[in-house]
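**Student:** If it helps, the file is called entry.pdb and holds PDB, C-alpha atoms, pLDDT in the B column:
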ATOM      1  CA  MET L   1     -21.711 -60.834  -6.193  1.00 44.00           C
ATOM      2  CA  ASN L   2     -18.509 -60.983  -4.122  1.00 48.00           C
ATOM      3  CA  LYS L   3     -16.906 -58.414  -6.386  1.00 50.00           C
ATOM      4  CA  THR L   4     -19.914 -56.117  -5.937  1.00 48.00           C
ATOM      5  CA  LEU L   5     -19.798 -56.485  -2.141  1.00 44.00           C
ATOM      6  CA  THR L   6     -16.072 -55.754  -2.129  1.00 47.00           C
ATOM      7  CA  THR L   7     -16.599 -52.628  -4.213  1.00 46.00           C
ATOM      8  CA  LEU L   8     -19.403 -51.431  -1.934  1.00 44.00           C
ATOM      9  CA  THR L   9     -17.268 -52.087   1.147  1.00 43.00           C
ATOM     10  CA  LEU L  10     -14.404 -50.055  -0.281  1.00 45.00           C
ATOM     11  CA  LEU L  11     -16.751 -47.203  -1.171  1.00 41.00           C
ATOM     12  CA  LEU L  12     -18.214 -47.193   2.347  1.00 39.00           C
ATOM     13  CA  LEU L  13     -14.740 -47.171   3.888  1.00 41.00           C
ATOM     14  CA  ALA L  14     -13.779 -44.254   1.661  1.00 41.00           C
ATOM     15  CA  LEU L  15     -16.903 -42.356   2.675  1.00 38.00           C
ATOM     16  CA  VAL L  16     -16.208 -42.982   6.369  1.00 41.00           C
ATOM     17  CA  ALA L  17     -12.659 -41.692   5.946  1.00 44.00           C
ATOM     18  CA  GLN L  18     -13.897 -38.605   4.135  1.00 47.00           C
ATOM     19  CA  ALA L  19     -16.538 -37.984   6.790  1.00 48.00           C
ATOM     20  CA  GLN L  20     -13.937 -37.479   9.503  1.00 75.00           C
ATOM     21  CA  THR L  21     -13.925 -33.867  10.568  1.00 85.00           C
ATOM     22  CA  PRO L  22     -10.789 -31.694  10.674  1.00 86.00           C
ATOM     23  CA  GLN L  23     -11.113 -31.658  14.474  1.00 86.00           C
ATOM     24  CA  GLN L  24     -11.028 -35.457  14.552  1.00 86.00           C
ATOM     25  CA  MET L  25      -8.034 -35.553  12.208  1.00 85.00           C
ATOM     26  CA  LEU L  26      -6.124 -33.002  14.293  1.00 85.00           C
ATOM     27  CA  ASP L  27      -6.863 -35.083  17.404  1.00 86.00           C
ATOM     28  CA  LYS L  28      -5.398 -38.074  15.569  1.00 84.00           C
ATOM     29  CA  ALA L  29      -2.288 -36.074  14.622  1.00 84.00           C
ATOM     30  CA  ILE L  30      -1.751 -35.025  18.252  1.00 83.00           C
ATOM     31  CA  ALA L  31      -2.317 -38.616  19.425  1.00 84.00           C
ATOM     32  CA  ALA L  32       0.161 -39.879  16.807  1.00 83.00           C
ATOM     33  CA  LEU L  33       2.826 -37.459  18.040  1.00 80.00           C
ATOM     34  CA  ARG L  34       2.265 -38.447  21.660  1.00 81.00           C
ATOM     35  CA  SER L  35       2.250 -42.188  21.039  1.00 83.00           C
ATOM     36  CA  ALA L  36       5.356 -42.083  18.819  1.00 83.00           C
ATOM     37  CA  GLY L  37       7.641 -41.323  21.775  1.00 85.00           C
ATOM     38  CA  THR L  38      10.820 -39.520  20.808  1.00 90.00           C
ATOM     39  CA  ILE L  39      10.633 -38.644  17.096  1.00 89.00           C
ATOM     40  CA  SER L  40      13.310 -37.514  14.673  1.00 92.00           C
ATOM     41  CA  ALA L  41      12.682 -36.139  11.185  1.00 91.00           C
ATOM     42  CA  ASN L  42      14.209 -34.049   8.434  1.00 93.00           C
ATOM     43  CA  TYR L  43      12.685 -30.628   7.883  1.00 89.00           C
ATOM     44  CA  LYS L  44      12.717 -27.931   5.227  1.00 90.00           C
ATOM     45  CA  VAL L  45      11.390 -24.419   5.703  1.00 86.00           C
ATOM     46  CA  LYS L  46      10.737 -22.057   2.808  1.00 89.00           C
ATOM     47  CA  SER L  47       9.705 -18.522   3.652  1.00 84.00           C
ATOM     48  CA  SER L  48       9.515 -15.037   2.264  1.00 79.00           C
ATOM     49  CA  GLN L  49      12.959 -14.473   3.774  1.00 80.00           C
ATOM     50  CA  GLY L  50      14.664 -17.561   2.341  1.00 83.00           C
ATOM     51  CA  SER L  51      14.970 -21.263   3.069  1.00 85.00           C
ATOM     52  CA  ASN L  52      16.467 -23.523   5.699  1.00 85.00           C
ATOM     53  CA  ALA L  53      16.834 -27.278   6.184  1.00 91.00           C
ATOM     54  CA  GLY L  54      17.985 -29.562   8.943  1.00 92.00           C
ATOM     55  CA  THR L  55      16.826 -32.134  11.465  1.00 93.00           C
ATOM     56  CA  ILE L  56      14.337 -32.002  14.322  1.00 90.00           C
ATOM     57  CA  VAL L  57      14.004 -34.265  17.359  1.00 92.00           C
ATOM     58  CA  MET L  58      10.772 -34.099  19.410  1.00 87.00           C
ATOM     59  CA  ALA L  59       9.658 -35.677  22.678  1.00 88.00           C
ATOM     60  CA  GLY L  60       6.353 -34.243  23.873  1.00 82.00           C
ATOM     61  CA  SER L  61       6.891 -30.518  24.422  1.00 83.00           C
ATOM     62  CA  LYS L  62      10.682 -30.833  24.140  1.00 89.00           C
ATOM     63  CA  TYR L  63      12.573 -30.486  20.888  1.00 90.00           C
ATOM     64  CA  ARG L  64      15.919 -29.838  19.217  1.00 93.00           C
ATOM     65  CA  LEU L  65      16.451 -28.227  15.812  1.00 90.00           C
ATOM     66  CA  VAL L  66      19.805 -28.472  14.040  1.00 93.00           C
ATOM     67  CA  SER L  67      20.798 -26.792  10.755  1.00 91.00           C
ATOM     68  CA  ASN L  68      23.792 -24.899   9.404  1.00 87.00           C
ATOM     69  CA  GLU L  69      22.060 -21.564  10.049  1.00 88.00           C
ATOM     70  CA  MET L  70      20.485 -22.279  13.431  1.00 90.00           C
ATOM     71  CA  LYS L  71      20.573 -24.667  16.359  1.00 94.00           C
ATOM     72  CA  CYS L  72      17.858 -24.671  19.001  1.00 93.00           C
ATOM     73  CA  TRP L  73      17.263 -26.692  22.170  1.00 95.00           C
ATOM     74  CA  TYR L  74      14.095 -26.596  24.290  1.00 94.00           C
ATOM     75  CA  ASP L  75      13.719 -28.666  27.472  1.00 92.00           C
ATOM     76  CA  GLY L  76      10.094 -27.791  28.135  1.00 89.00           C
ATOM     77  CA  LYS L  77      10.863 -24.479  29.860  1.00 92.00           C
ATOM     78  CA  THR L  78      14.154 -22.977  28.696  1.00 95.00           C
ATOM     79  CA  GLN L  79      15.227 -22.427  25.103  1.00 94.00           C
ATOM     80  CA  TRP L  80      18.768 -21.996  23.838  1.00 96.00           C
ATOM     81  CA  THR L  81      19.098 -20.649  20.284  1.00 94.00           C
ATOM     82  CA  TRP L  82      22.303 -20.298  18.305  1.00 94.00           C
ATOM     83  CA  SER L  83      22.144 -18.237  15.109  1.00 90.00           C
ATOM     84  CA  GLN L  84      24.835 -18.157  12.459  1.00 89.00           C
ATOM     85  CA  ALA L  85      23.873 -14.541  11.720  1.00 89.00           C
ATOM     86  CA  THR L  86      24.630 -13.296  15.253  1.00 89.00           C
ATOM     87  CA  ASP L  87      27.115 -16.047  16.225  1.00 90.00           C
ATOM     88  CA  GLU L  88      25.770 -16.091  19.775  1.00 95.00           C
ATOM     89  CA  VAL L  89      23.484 -18.246  21.890  1.00 96.00           C
ATOM     90  CA  ASN L  90      20.379 -16.580  23.339  1.00 95.00           C
ATOM     91  CA  ILE L  91      18.655 -18.100  26.378  1.00 96.00           C
ATOM     92  CA  THR L  92      14.910 -17.417  26.684  1.00 94.00           C
ATOM     93  CA  ASN L  93      11.723 -18.766  28.218  1.00 93.00           C
ATOM     94  CA  PRO L  94       9.582 -18.787  25.046  1.00 87.00           C
ATOM     95  CA  THR L  95       5.873 -18.022  25.033  1.00 83.00           C
ATOM     96  CA  ALA L  96       3.283 -20.420  23.626  1.00 75.00           C
ATOM     97  CA  GLU L  97       3.093 -18.240  20.492  1.00 72.00           C
ATOM     98  CA  ASP L  98       6.883 -18.406  20.068  1.00 77.00           C
ATOM     99  CA  LEU L  99       6.761 -22.202  20.212  1.00 77.00           C
ATOM    100  CA  GLN L 100       4.114 -22.416  17.474  1.00 69.00           C
ATOM    101  CA  MET L 101       6.726 -21.617  14.843  1.00 67.00           C
ATOM    102  CA  THR L 102       9.247 -24.282  15.920  1.00 71.00           C
ATOM    103  CA  ASN L 103       7.488 -27.119  17.758  1.00 73.00           C
ATOM    104  CA  PRO L 104       4.854 -29.165  15.861  1.00 72.00           C
ATOM    105  CA  MET L 105       3.355 -30.483  19.119  1.00 73.00           C
ATOM    106  CA  ALA L 106       2.922 -26.987  20.558  1.00 75.00           C
ATOM    107  CA  ALA L 107       1.488 -25.762  17.260  1.00 79.00           C
ATOM    108  CA  ALA L 108      -1.006 -28.631  16.945  1.00 80.00           C
ATOM    109  CA  THR L 109      -2.213 -28.192  20.530  1.00 79.00           C
ATOM    110  CA  ASP L 110      -2.663 -24.448  20.024  1.00 81.00           C
ATOM    111  CA  PHE L 111      -4.489 -24.984  16.732  1.00 84.00           C
ATOM    112  CA  LYS L 112      -6.977 -27.299  18.451  1.00 83.00           C
ATOM    113  CA  THR L 113      -7.838 -24.685  21.072  1.00 85.00           C
ATOM    114  CA  ASN L 114      -7.550 -21.345  19.308  1.00 87.00           C
ATOM    115  CA  PHE L 115      -8.369 -21.981  15.636  1.00 89.00           C
ATOM    116  CA  ASN L 116     -11.436 -22.752  13.563  1.00 92.00           C
ATOM    117  CA  MET L 117     -10.821 -25.435  10.952  1.00 88.00           C
ATOM    118  CA  TRP L 118     -12.304 -26.802   7.759  1.00 89.00           C
ATOM    119  CA  LYS L 119     -11.428 -29.572   5.349  1.00 88.00           C
ATOM    120  CA  SER L 120      -9.458 -28.015   2.517  1.00 84.00           C
ATOM    121  CA  LYS L 121     -10.544 -28.266  -1.109  1.00 79.00           C
ATOM    122  CA  GLY L 122      -6.892 -28.398  -2.202  1.00 73.00           C
ATOM    123  CA  GLN L 123      -6.110 -32.027  -1.399  1.00 74.00           C
ATOM    124  CA  ILE L 124      -2.814 -33.828  -2.073  1.00 80.00           C
ATOM    125  CA  PRO L 125      -2.971 -37.586  -2.874  1.00 85.00           C
ATOM    126  CA  GLY L 126      -2.180 -39.648   0.225  1.00 85.00           C
ATOM    127  CA  HIS L 127      -2.956 -36.786   2.604  1.00 89.00           C
ATOM    128  CA  TYR L 128      -5.768 -35.187   4.554  1.00 88.00           C
ATOM    129  CA  ALA L 129      -5.696 -31.410   4.091  1.00 89.00           C
ATOM    130  CA  MET L 130      -7.300 -28.835   6.335  1.00 89.00           C
ATOM    131  CA  MET L 131      -7.436 -25.054   6.553  1.00 90.00           C
ATOM    132  CA  LEU L 132      -7.297 -23.205   9.875  1.00 90.00           C
ATOM    133  CA  ARG L 133      -7.958 -19.617  10.890  1.00 93.00           C
ATOM    134  CA  PRO L 134      -7.525 -18.074  14.355  1.00 91.00           C
ATOM    135  CA  LYS L 135     -10.636 -17.426  16.433  1.00 92.00           C
ATOM    136  CA  LYS L 136      -9.152 -14.165  17.711  1.00 90.00           C
ATOM    137  CA  LYS L 137      -6.659 -11.624  16.380  1.00 87.00           C
ATOM    138  CA  SER L 138      -3.294 -13.302  15.920  1.00 83.00           C
ATOM    139  CA  ASN L 139       0.067 -12.961  14.182  1.00 84.00           C
ATOM    140  CA  ILE L 140      -1.063 -15.951  12.103  1.00 86.00           C
ATOM    141  CA  ASP L 141      -3.679 -15.294   9.417  1.00 91.00           C
ATOM    142  CA  GLN L 142      -4.173 -18.721   7.860  1.00 91.00           C
ATOM    143  CA  VAL L 143      -2.742 -22.252   8.058  1.00 89.00           C
ATOM    144  CA  TYR L 144      -2.963 -25.249   5.743  1.00 90.00           C
ATOM    145  CA  LEU L 145      -1.999 -28.626   7.236  1.00 90.00           C
ATOM    146  CA  TYR L 146      -1.390 -31.807   5.249  1.00 90.00           C
ATOM    147  CA  LEU L 147      -1.438 -35.007   7.339  1.00 89.00           C
ATOM    148  CA  SER L 148      -0.112 -38.250   5.868  1.00 87.00           C
ATOM    149  CA  ASN L 149      -2.755 -40.959   5.557  1.00 85.00           C
ATOM    150  CA  GLY L 150      -2.012 -43.961   7.731  1.00 81.00           C
ATOM    151  CA  SER L 151       0.476 -42.375  10.143  1.00 84.00           C
ATOM    152  CA  ASN L 152      -1.572 -39.152  10.646  1.00 84.00           C
ATOM    153  CA  LEU L 153       1.754 -37.346  11.109  1.00 86.00           C
ATOM    154  CA  LEU L 154       2.227 -33.845   9.760  1.00 87.00           C
ATOM    155  CA  HIS L 155       3.894 -33.726   6.352  1.00 89.00           C
ATOM    156  CA  ILE L 156       3.400 -30.128   5.219  1.00 89.00           C
ATOM    157  CA  ALA L 157       2.312 -26.946   6.993  1.00 88.00           C
ATOM    158  CA  HIS L 158       1.788 -23.760   5.012  1.00 88.00           C
ATOM    159  CA  ILE L 159       1.419 -20.676   7.215  1.00 88.00           C
ATOM    160  CA  ARG L 160       0.495 -17.147   6.174  1.00 89.00           C
ATOM    161  CA  MET L 161       1.191 -14.446   8.736  1.00 88.00           C
ATOM    162  CA  SER L 162      -0.940 -11.351   9.254  1.00 88.00           C
ATOM    163  CA  ASP L 163       1.821  -9.205   7.725  1.00 90.00           C
ATOM    164  CA  GLY L 164       1.590 -11.199   4.489  1.00 89.00           C
ATOM    165  CA  SER L 165       4.769 -13.239   4.938  1.00 89.00           C
ATOM    166  CA  THR L 166       4.557 -17.006   4.396  1.00 89.00           C
ATOM    167  CA  PHE L 167       6.253 -20.118   5.749  1.00 85.00           C
ATOM    168  CA  THR L 168       6.098 -23.652   4.370  1.00 90.00           C
ATOM    169  CA  LEU L 169       7.374 -26.447   6.619  1.00 87.00           C
ATOM    170  CA  THR L 170       7.945 -29.934   5.186  1.00 90.00           C
ATOM    171  CA  LEU L 171       8.730 -32.910   7.439  1.00 89.00           C
ATOM    172  CA  THR L 172      10.069 -36.184   6.004  1.00 91.00           C
ATOM    173  CA  GLY L 173      11.968 -39.278   7.103  1.00 92.00           C
ATOM    174  CA  TYR L 174      10.163 -39.759  10.399  1.00 90.00           C
ATOM    175  CA  LYS L 175      11.738 -42.172  12.904  1.00 91.00           C
ATOM    176  CA  THR L 176       9.699 -42.976  16.002  1.00 89.00           C
ATOM    177  CA  LYS L 177      10.444 -44.524  19.419  1.00 90.00           C
ATOM    178  CA  GLN L 178      13.980 -43.132  19.374  1.00 88.00           C
ATOM    179  CA  SER L 179      16.138 -43.861  22.433  1.00 90.00           C
ATOM    180  CA  LEU L 180      17.868 -40.559  23.249  1.00 90.00           C
ATOM    181  CA  PRO L 181      19.064 -39.037  26.557  1.00 91.00           C
ATOM    182  CA  ALA L 182      17.347 -36.053  28.209  1.00 90.00           C
ATOM    183  CA  SER L 183      20.472 -33.997  27.444  1.00 93.00           C
ATOM    184  CA  THR L 184      19.403 -34.061  23.764  1.00 95.00           C
ATOM    185  CA  PHE L 185      17.101 -31.141  24.579  1.00 95.00           C
ATOM    186  CA  THR L 186      19.543 -28.969  26.546  1.00 95.00           C
ATOM    187  CA  TYR L 187      22.292 -26.700  25.244  1.00 95.00           C
ATOM    188  CA  ASP L 188      25.373 -28.520  23.972  1.00 95.00           C
ATOM    189  CA  LYS L 189      28.277 -26.106  23.517  1.00 93.00           C
ATOM    190  CA  SER L 190      30.179 -28.671  21.449  1.00 94.00           C
ATOM    191  CA  MET L 191      27.639 -28.094  18.646  1.00 95.00           C
ATOM    192  CA  VAL L 192      28.450 -24.371  18.245  1.00 93.00           C
ATOM    193  CA  PRO L 193      31.752 -22.632  17.391  1.00 92.00           C
ATOM    194  CA  ALA L 194      34.258 -22.490  20.241  1.00 91.00           C
ATOM    195  CA  GLY L 195      34.090 -19.243  22.225  1.00 89.00           C
ATOM    196  CA  THR L 196      30.489 -18.470  21.225  1.00 93.00           C
ATOM    197  CA  GLN L 197      28.982 -15.873  23.547  1.00 92.00           C
ATOM    198  CA  VAL L 198      25.944 -16.966  25.587  1.00 94.00           C
ATOM    199  CA  VAL L 199      23.408 -14.189  26.303  1.00 93.00           C
ATOM    200  CA  ASP L 200      20.740 -14.800  28.962  1.00 93.00           C
ATOM    201  CA  LEU L 201      17.587 -12.901  27.914  1.00 92.00           C
ATOM    202  CA  ARG L 202      15.241 -14.342  30.550  1.00 92.00           C
TER     203      ARG L 202
END
In structure tokens, write the structure found in this file.
**Tutor:**
Amino acid sequence: MNKTLTTLTLLLLALVAQAQTPQQMLDKAIAALRSAGTISANYKVKSSQGSNAGTIVMAGSKYRLVSNEMKCWYDGKTQWTWSQATDEVNITNPTAEDLQMTNPMAAATDFKTNFNMWKSKGQIPGHYAMMLRPKKKSNIDQVYLYLSNGSNLLHIAHIRMSDGSTFTLTLTGYKTKQSLPASTFTYDKSMVPAGTQVVDLR
């Protein structure tokens, strides 16, 4: 009898988990990002144009990306971006759409407001998968998000743009509640080659 009750309990718990809507799961992902404080993680991006890998640090709307090909700092208003290709630092005030491609918090918040979402049929073990499409015309055509069970943090995002190009972002090695100074999210010239030109595009 006890074994039967245990089995039934597990089945009910599984059904409850499956019954959660994509909207509820996205809310949980946003809540997980907010409650985690300052987060660091490793990232990999594969796209139609190539691949890139590095580290990301996030604190609310602020973030810093560091790789061999690119370094980017965003303090919540101003963004500094160094590119190996141009060997210069560009200063901008990015739009919300610009931030979607680099900041998981900005992307998740925008998805909640401006996208329709459904549970995806293509599940990955240990994850909750959802598909999103914009409510209005957008540069983004379709998004698949894979949230890790338990932490609810984003593991994989697959994005298809309206021009047919694709991006796959993978985040691993999360560390939460990091103690880092505010300067983490502002331009640090010691992290780029000496003499790098800074171009203010604001």
**Student:** Please identify all polymer residues within 10 Å of Met117 in chain L, counting all atoms listed in the file, omitting same-chain residues fewer than 2 positions from it, and present them as an MDAnalysis selection string.
**Tutor:** chainID L and resid 21:23 26 111:112 114:115 119:120 130:135 142:144
**Student:** The PyMOL selection byres ((chain L and resi 77) around 10) - which residues does that actually catch in the file I just gave you? List them as a list in words.
**Tutor:**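 Listing what the PyMOL selection byres ((chain L and resi 77) around 10) selects in the shown file: Ser61, Lys62, Tyr74, Asp75, Gly76, Thr78, Gln79, Thr92, Asn93, Pro94 and Thr95 of chain L.
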**Student:** Quote the spacing between CA of Gly150 in chain L and CA of Thr184 in chain L in Å to one decimal place.
**Tutor:**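 Atom-to-atom, CA of Gly150 in chain L to CA of Thr184 in chain L, that is 28.5 Å.
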**Student:** Please write the residues picked by the PyMOL selection byres ((chain L and resi 40-54) around 6) on this file as a list of chain:residue names.
**Tutor:** L:Ile39, L:Thr55, L:Ile56, L:Val57, L:Val66, L:Ser67, L:Ser165, L:Thr166, L:Phe167, L:Thr168, L:Leu169, L:Thr170, L:Leu171, L:Thr172, L:Gly173, L:Tyr174, L:Lys175
**Student:** Nearest residue to Leu147 in chain L out of L:Ser179, L:Gly126, L:Asp163, L:Met70, using only C-alpha atoms?
**Tutor:**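 Residue with the minimum atom-to-atom distance to Leu147 in chain L: L:Gly126.
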**Student:** Could you list, as a PyMOL selection string, every residue within 9 Å of Asn149 in chain L, counting only C-alpha atoms and ignoring same-chain residues fewer than 2 positions away?
**Tutor:** chain L and resi 126-128+147+151-153
**Student:** Grab the CA of Ala107 in chain L to CA of Ala182 in chain L distance for me, in Å with one decimal place.
**Tutor:**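 CA of Ala182 in chain L lies 21.8 Å from CA of Ala107 in chain L.
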**Student:** Using Å and a single decimal, report how far CA of Ile140 in chain L sits from CA of Val199 in chain L.
**Tutor:**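 It comes out at 28.3 Å.
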**Student:** Considering only C-alpha atoms, can you say which of L:Asp200, L:Ile156, L:Trp80, L:Asp87 comes closest to Asn68 in chain L?
**Tutor:**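 Selected residue with least distance to Asn68 in chain L: L:Asp87.
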